[in-house]
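Working notes for the structure below.
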Amino acid sequence: MQFDFDMRIDRKHTDCIAADGWKSLFAGQEITLPCPEEQLIPMWIADMSFATPAFILDAIRRRLDRQILGYTRPADSTYFDTFSAWTDLLYGWHWEPEDLFFSNGIVSALNELARLLCGPGDKILFQTPAYGPFLGAVKTCGAEPLFSRLVLQDGVWRTDLEDFARKAADPAVKLCLLCSPHNPTGRVWKREELLAVGQICVDNGLIVVSDEIHCDILRAGMQHIPLVSLFPDYKKIITCMAPSKTFNMAGMQFSNVLIRDPELRSRWSKVRGQVVNPLSLAAATGAYAHGYDWLVAMRRYLDGNYAALQAVLRARLPELTFRIPEGTYLAWIDLRPYLPPDADPVRFFAERAGVLLEAGRMFVDNADGFIRLNLACPRSVMTEAAERICSALGH
Ligand SMILES: Cc1ncc(COP(=O)(O)O)c(C=O)c1O
């Protein structure tokens, strides 16, 4: 089956954050664009410029045809059967119907869980560089963040197990937020890596919230392993997955939160019922029921985008050591050999290249000198952005 990932879709005036909300990148700053606003290339917020697949739009249309958008909660096993068939197919992972809860996005789940599980005096451990809302979740509950820095060894980001174990043993640490696959580095953690990190959490009795939102988006030959599948007897691992990144439906704000511990389930149920948006439920069911071929094609297209990006960077910025990440559609690029000292890359590339991207200051800790490019866009757009970035650096 053919899908068109090359098509350029005009997103302006749809209230999308990527194209219509970009000024939030520069709150309070005056910036001077090098081109008319319509020619800016948004490669920042992590949604796709590809069309949301037709089988999802059709599922929403079919649900609209039923005319009433009242209170909705899965009433039979259709959604469970569909999503569990997906996790079985992709991860060989089985879970129970009673594990399944919903949230309006994973950031809401992280905030809710942090508030449920921690408060002032507690610490929450996570690895850095980290996705900004991890710190936001810690702040919402008044706990203290504890960072364990990933280390870059021969171009590969790895856990510093000694550091992680020492910090996990701090009696004030109650919760660990794990990002798997990891945003922004794009690591897809291997079995041994997950076993090592997970065992440290188990040994210290920590609750783990494993944010696996990027799990379906992998390079060829990669395999995602749900952390929880490696620790069948440890109940305190909560898994967050969603169709949002995978199928470009983040605006539907529909995520799965899988909770095995009965005590944690009842605490979650007290603050968040099972009511969902009817269009989101229809979209998510359609996605998991019909999405496999599209996903395979989309992954292949992304592999091509990464190869094209690497070719541009090798030709024009030869001092970079850019490695294609194992997962996500995000390229995490160490630009330190080329960035002017003291430049804020977000502003620098907006003003010099007309490219909107994310960089150091937008992540938590351990991210200076790096930029993050969203490659889920038509190849022609990606190549133009990469060329403009190199030209802005004078190369
Ligand atoms: C690791 C991670 N978690 C959560 C989110 C956002 O989740 P949601 O849109 O479901 O709140 C993102 C988006 O980039 C992410 O990278």
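In the structure tokens, each chain is lettered A, B, ... as it comes, each chain's residues begin at 1, and ligands are numbered from 1 in order of appearance.
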
| request: Check every protein, DNA and RNA residue against ligand 1, keep those with an atom at most 10 Å away (counting only C-alpha atoms and all ligand atoms), and present them as an NGL selection string. | output: :A and (44-47 or 103-111 or 130-134 or 177-184 or 186 or 210-215 or 240-245 or 249-256 or 328 or 330)

| task | Among the residues of stretch 140-221 of chain A, find those DSSP assigns to strand (DSSP E) from the backbone and print them as a PyMOL selection string. | result | chain A and resi 144-149+151-153+156-158+173-179+207-211

| task | Select from stretch 314-365 of chain A everything DSSP, run on the backbone, classes as alpha helix (DSSP H), then give the selection as number ranges by chain. | result | A: 314-316, 345-353

| Given the choices A:Ile56, A:Ala27, A:Ala307, A:Leu393, which gets closest to A:Leu281 if the distance is worked out from only C-alpha atoms? |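 Looking only at the distances to A:Leu281, the closest residue turns out to be A:Ile56.
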
| message | Need the shell around A:Ala343: protein/DNA/RNA residues with any atom at most 12 Å away, counting only C-alpha atoms. Skip same-chain ones fewer than 3 positions apart. Format as a list in words? | response | Leu335, Arg336, Tyr338, Leu339, Pro340, Val346, Arg347, Phe348, Phe349, Ala350, Glu351, Arg352, Ala359, Gly360, Arg361, Asp368, Gly369, Phe370, Ile371 and Leu393 of chain A

Could you save those same residues with N, CA and C atoms as a PDB file, in the first residue's frame?
```
ATOM      1  N   LEU A 335      26.190  20.210  18.278  1.00  0.00           N
ATOM      2  CA  LEU A 335      26.680  21.258  17.363  1.00  0.00           C
ATOM      3  C   LEU A 335      27.837  22.042  17.965  1.00  0.00           C
ATOM      4  N   ARG A 336      28.391  21.539  19.070  1.00  0.00           N
ATOM      5  CA  ARG A 336      29.402  22.336  19.757  1.00  0.00           C
ATOM      6  C   ARG A 336      30.587  22.733  18.875  1.00  0.00           C
ATOM      7  N   TYR A 338      30.606  23.844  16.032  1.00  0.00           N
ATOM      8  CA  TYR A 338      30.284  24.918  15.080  1.00  0.00           C
ATOM      9  C   TYR A 338      29.533  26.107  15.679  1.00  0.00           C
ATOM     10  N   LEU A 339      28.859  25.878  16.814  1.00  0.00           N
ATOM     11  CA  LEU A 339      28.007  26.966  17.328  1.00  0.00           C
ATOM     12  C   LEU A 339      28.845  28.125  17.844  1.00  0.00           C
ATOM     13  N   PRO A 340      28.460  29.360  17.508  1.00  0.00           N
ATOM     14  CA  PRO A 340      29.174  30.497  18.078  1.00  0.00           C
ATOM     15  C   PRO A 340      29.028  30.480  19.603  1.00  0.00           C
ATOM     16  N   VAL A 346      18.223  28.215  19.614  1.00  0.00           N
ATOM     17  CA  VAL A 346      16.814  28.350  19.204  1.00  0.00           C
ATOM     18  C   VAL A 346      16.648  29.682  18.476  1.00  0.00           C
ATOM     19  N   ARG A 347      17.186  30.720  19.077  1.00  0.00           N
ATOM     20  CA  ARG A 347      17.083  32.052  18.489  1.00  0.00           C
ATOM     21  C   ARG A 347      17.996  32.176  17.260  1.00  0.00           C
ATOM     22  N   PHE A 348      19.207  31.653  17.404  1.00  0.00           N
ATOM     23  CA  PHE A 348      20.197  31.754  16.322  1.00  0.00           C
ATOM     24  C   PHE A 348      19.627  31.195  15.012  1.00  0.00           C
ATOM     25  N   PHE A 349      19.042  29.993  15.076  1.00  0.00           N
ATOM     26  CA  PHE A 349      18.587  29.367  13.825  1.00  0.00           C
ATOM     27  C   PHE A 349      17.246  29.952  13.341  1.00  0.00           C
ATOM     28  N   ALA A 350      16.464  30.490  14.256  1.00  0.00           N
ATOM     29  CA  ALA A 350      15.259  31.193  13.802  1.00  0.00           C
ATOM     30  C   ALA A 350      15.674  32.447  13.045  1.00  0.00           C
ATOM     31  N   GLU A 351      16.625  33.185  13.600  1.00  0.00           N
ATOM     32  CA  GLU A 351      16.991  34.475  13.000  1.00  0.00           C
ATOM     33  C   GLU A 351      17.900  34.327  11.788  1.00  0.00           C
ATOM     34  N   ARG A 352      18.761  33.307  11.799  1.00  0.00           N
ATOM     35  CA  ARG A 352      19.732  33.189  10.697  1.00  0.00           C
ATOM     36  C   ARG A 352      19.275  32.230   9.605  1.00  0.00           C
ATOM     37  N   ALA A 359      16.429  23.193  21.474  1.00  0.00           N
ATOM     38  CA  ALA A 359      17.846  23.090  21.810  1.00  0.00           C
ATOM     39  C   ALA A 359      18.035  23.159  23.305  1.00  0.00           C
ATOM     40  N   GLY A 360      19.301  22.994  23.697  1.00  0.00           N
ATOM     41  CA  GLY A 360      19.744  22.977  25.093  1.00  0.00           C
ATOM     42  C   GLY A 360      18.764  23.493  26.119  1.00  0.00           C
ATOM     43  N   ARG A 361      18.489  24.780  26.089  1.00  0.00           N
ATOM     44  CA  ARG A 361      17.727  25.410  27.173  1.00  0.00           C
ATOM     45  C   ARG A 361      16.312  24.859  27.320  1.00  0.00           C
ATOM     46  N   ASP A 368      23.515  21.377  26.837  1.00  0.00           N
ATOM     47  CA  ASP A 368      24.083  22.562  26.185  1.00  0.00           C
ATOM     48  C   ASP A 368      24.827  22.190  24.906  1.00  0.00           C
ATOM     49  N   GLY A 369      24.626  22.989  23.874  1.00  0.00           N
ATOM     50  CA  GLY A 369      25.357  22.780  22.616  1.00  0.00           C
ATOM     51  C   GLY A 369      24.670  21.807  21.670  1.00  0.00           C
ATOM     52  N   PHE A 370      23.530  21.236  22.117  1.00  0.00           N
ATOM     53  CA  PHE A 370      22.800  20.281  21.268  1.00  0.00           C
ATOM     54  C   PHE A 370      21.556  20.950  20.690  1.00  0.00           C
ATOM     55  N   ILE A 371      21.213  20.560  19.462  1.00  0.00           N
ATOM     56  CA  ILE A 371      19.923  20.967  18.920  1.00  0.00           C
ATOM     57  C   ILE A 371      19.100  19.703  18.647  1.00  0.00           C
ATOM     58  N   LEU A 393      25.540  28.544   9.712  1.00  0.00           N
ATOM     59  CA  LEU A 393      26.805  28.350  10.436  1.00  0.00           C
ATOM     60  C   LEU A 393      27.999  28.731   9.563  1.00  0.00           C
TER      61      LEU A 393
END
```

| field | Residue with smallest distance to A:Gly273 - pool A:Trp22, A:Phe3, A:Phe101, A:Trp294, counting only C-alpha atoms | value |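 Going through A:Trp22, A:Phe3, A:Phe101, A:Trp294 one by one, the smallest distance to A:Gly273 is for A:Phe101.
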
| message | Using Å and a single decimal, report how far atom CA of A:Phe147 sits from atom CA of A:Gln127. | response |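 So the answer is 5.6 Å.
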
| request: Write out as a list in words the residues lying within 10 Å of stretch 14-20 of chain A, counting only C-alpha atoms and excluding same-chain residues fewer than 4 positions away. | output: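 After dropping sequence-adjacent residues, the list is Asp10, Ser24, Glu37, Glu38, Leu40, Ile41, Pro42, Met43, Trp44, Ile45, Ala46, Asp47, Met48, Ser49, Gly251, Leu356 and Leu357 of chain A.
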
| field | Polymer residues at most 12 Å from A:Gly119, only C-alpha atoms, same-chain spacing of 5 or more positions, as JSON, numbers by chain | value | {"A": [111, 112, 113, 114, 124, 137, 138, 139, 140, 141, 142, 143, 144, 145, 172, 173, 174, 175]}

Just write the chosen residues, C-alpha atoms, as a PDB file, in the first residue's frame.
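Just written: part_31.pdb:
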```pdb
ATOM      1  CA  ASN A 111       1.708  15.361  36.489  1.00  0.00           C
ATOM      2  CA  GLU A 112      -1.169  13.404  38.002  1.00  0.00           C
ATOM      3  CA  LEU A 113       1.047  10.497  39.035  1.00  0.00           C
ATOM      4  CA  ALA A 114       3.693  12.773  40.545  1.00  0.00           C
ATOM      5  CA  ILE A 124      11.992  12.130  41.997  1.00  0.00           C
ATOM      6  CA  ALA A 137       5.822  17.035  36.893  1.00  0.00           C
ATOM      7  CA  VAL A 138       8.274  17.138  39.788  1.00  0.00           C
ATOM      8  CA  LYS A 139       7.466  20.780  40.416  1.00  0.00           C
ATOM      9  CA  THR A 140       3.679  20.262  40.408  1.00  0.00           C
ATOM     10  CA  CYS A 141       3.919  18.061  43.489  1.00  0.00           C
ATOM     11  CA  GLY A 142       6.527  20.092  45.361  1.00  0.00           C
ATOM     12  CA  ALA A 143       9.107  17.272  45.315  1.00  0.00           C
ATOM     13  CA  GLU A 144      12.780  17.774  44.524  1.00  0.00           C
ATOM     14  CA  PRO A 145      14.248  16.571  41.214  1.00  0.00           C
ATOM     15  CA  ALA A 172      13.982  10.458  49.923  1.00  0.00           C
ATOM     16  CA  VAL A 173      13.622   9.114  46.360  1.00  0.00           C
ATOM     17  CA  LYS A 174      10.124   7.659  45.908  1.00  0.00           C
ATOM     18  CA  LEU A 175       9.667   7.720  42.178  1.00  0.00           C
TER      19      LEU A 175
END
```

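Closest approach to A:Gln153 among A:Ala392, A:Glu358, A:Val202, A:Thr321 is made by A:Thr321 (distances from only C-alpha atoms).
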
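Closest approach to A:Thr285 among A:Pro74, A:Pro171, A:Pro325, A:Pro232 is made by A:Pro74 (distances from only C-alpha atoms).
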
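Nearest to A:Cys377 of all the residues A:Glu192, A:Asp261, A:Asp170, A:Asp6 is A:Asp6, based on only C-alpha atoms.
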
| query | Which residues come within 12 Å of A:Arg158, counting only C-alpha atoms, excluding same-chain residues fewer than 5 positions away, as JSON, numbers by chain? | reply | {"A": [127, 128, 129, 148, 149, 150, 151, 152, 153, 163, 164, 182, 185, 186, 187, 188, 189, 190, 192, 193, 194, 196, 197]}

| Using only C-alpha atoms, which residue out of A:His94, A:Lys12, A:Arg63, A:Lys167 lies closest to A:Leu125? | A:Lys167

Near A:Leu313, within 10 Å and counting only C-alpha atoms, which residues show up once chain neighbours fewer than 2 positions away are dropped, as an mmCIF file with C-alpha atoms, in the first residue's frame?
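Wrote result11.cif, looks like this:
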```cif
data_model
loop_
_atom_site.group_PDB
_atom_site.id
_atom_site.type_symbol
_atom_site.label_atom_id
_atom_site.label_comp_id
_atom_site.auth_asym_id
_atom_site.auth_seq_id
_atom_site.Cartn_x
_atom_site.Cartn_y
_atom_site.Cartn_z
ATOM 1 C CA ALA A 307 20.135 9.078 5.913
ATOM 2 C CA ALA A 308 19.533 12.287 3.937
ATOM 3 C CA LEU A 309 20.237 14.430 6.990
ATOM 4 C CA GLN A 310 23.411 12.525 7.712
ATOM 5 C CA ALA A 311 24.574 13.027 4.126
ATOM 6 C CA ALA A 315 29.251 17.007 3.475
ATOM 7 C CA ARG A 316 28.880 20.407 5.074
ATOM 8 C CA LEU A 317 29.742 20.048 8.768
ATOM 9 C CA PRO A 318 32.413 17.330 8.733
ATOM 10 C CA GLU A 319 33.516 17.935 12.321
ATOM 11 C CA LEU A 320 30.193 16.736 13.671
ATOM 12 C CA THR A 321 29.821 13.235 15.053
ATOM 13 C CA PHE A 322 26.147 12.752 14.298
ATOM 14 C CA ILE A 333 22.819 16.841 17.207
ATOM 15 C CA ALA A 386 19.391 21.126 6.977
ATOM 16 C CA GLU A 387 20.910 23.194 4.170
ATOM 17 C CA ILE A 389 21.180 25.349 9.161
ATOM 18 C CA CYS A 390 24.586 24.666 7.579
#
```

| Separation of atom CA of A:Asp203 and atom CA of A:Ile259, in Å? | 19.6 Å
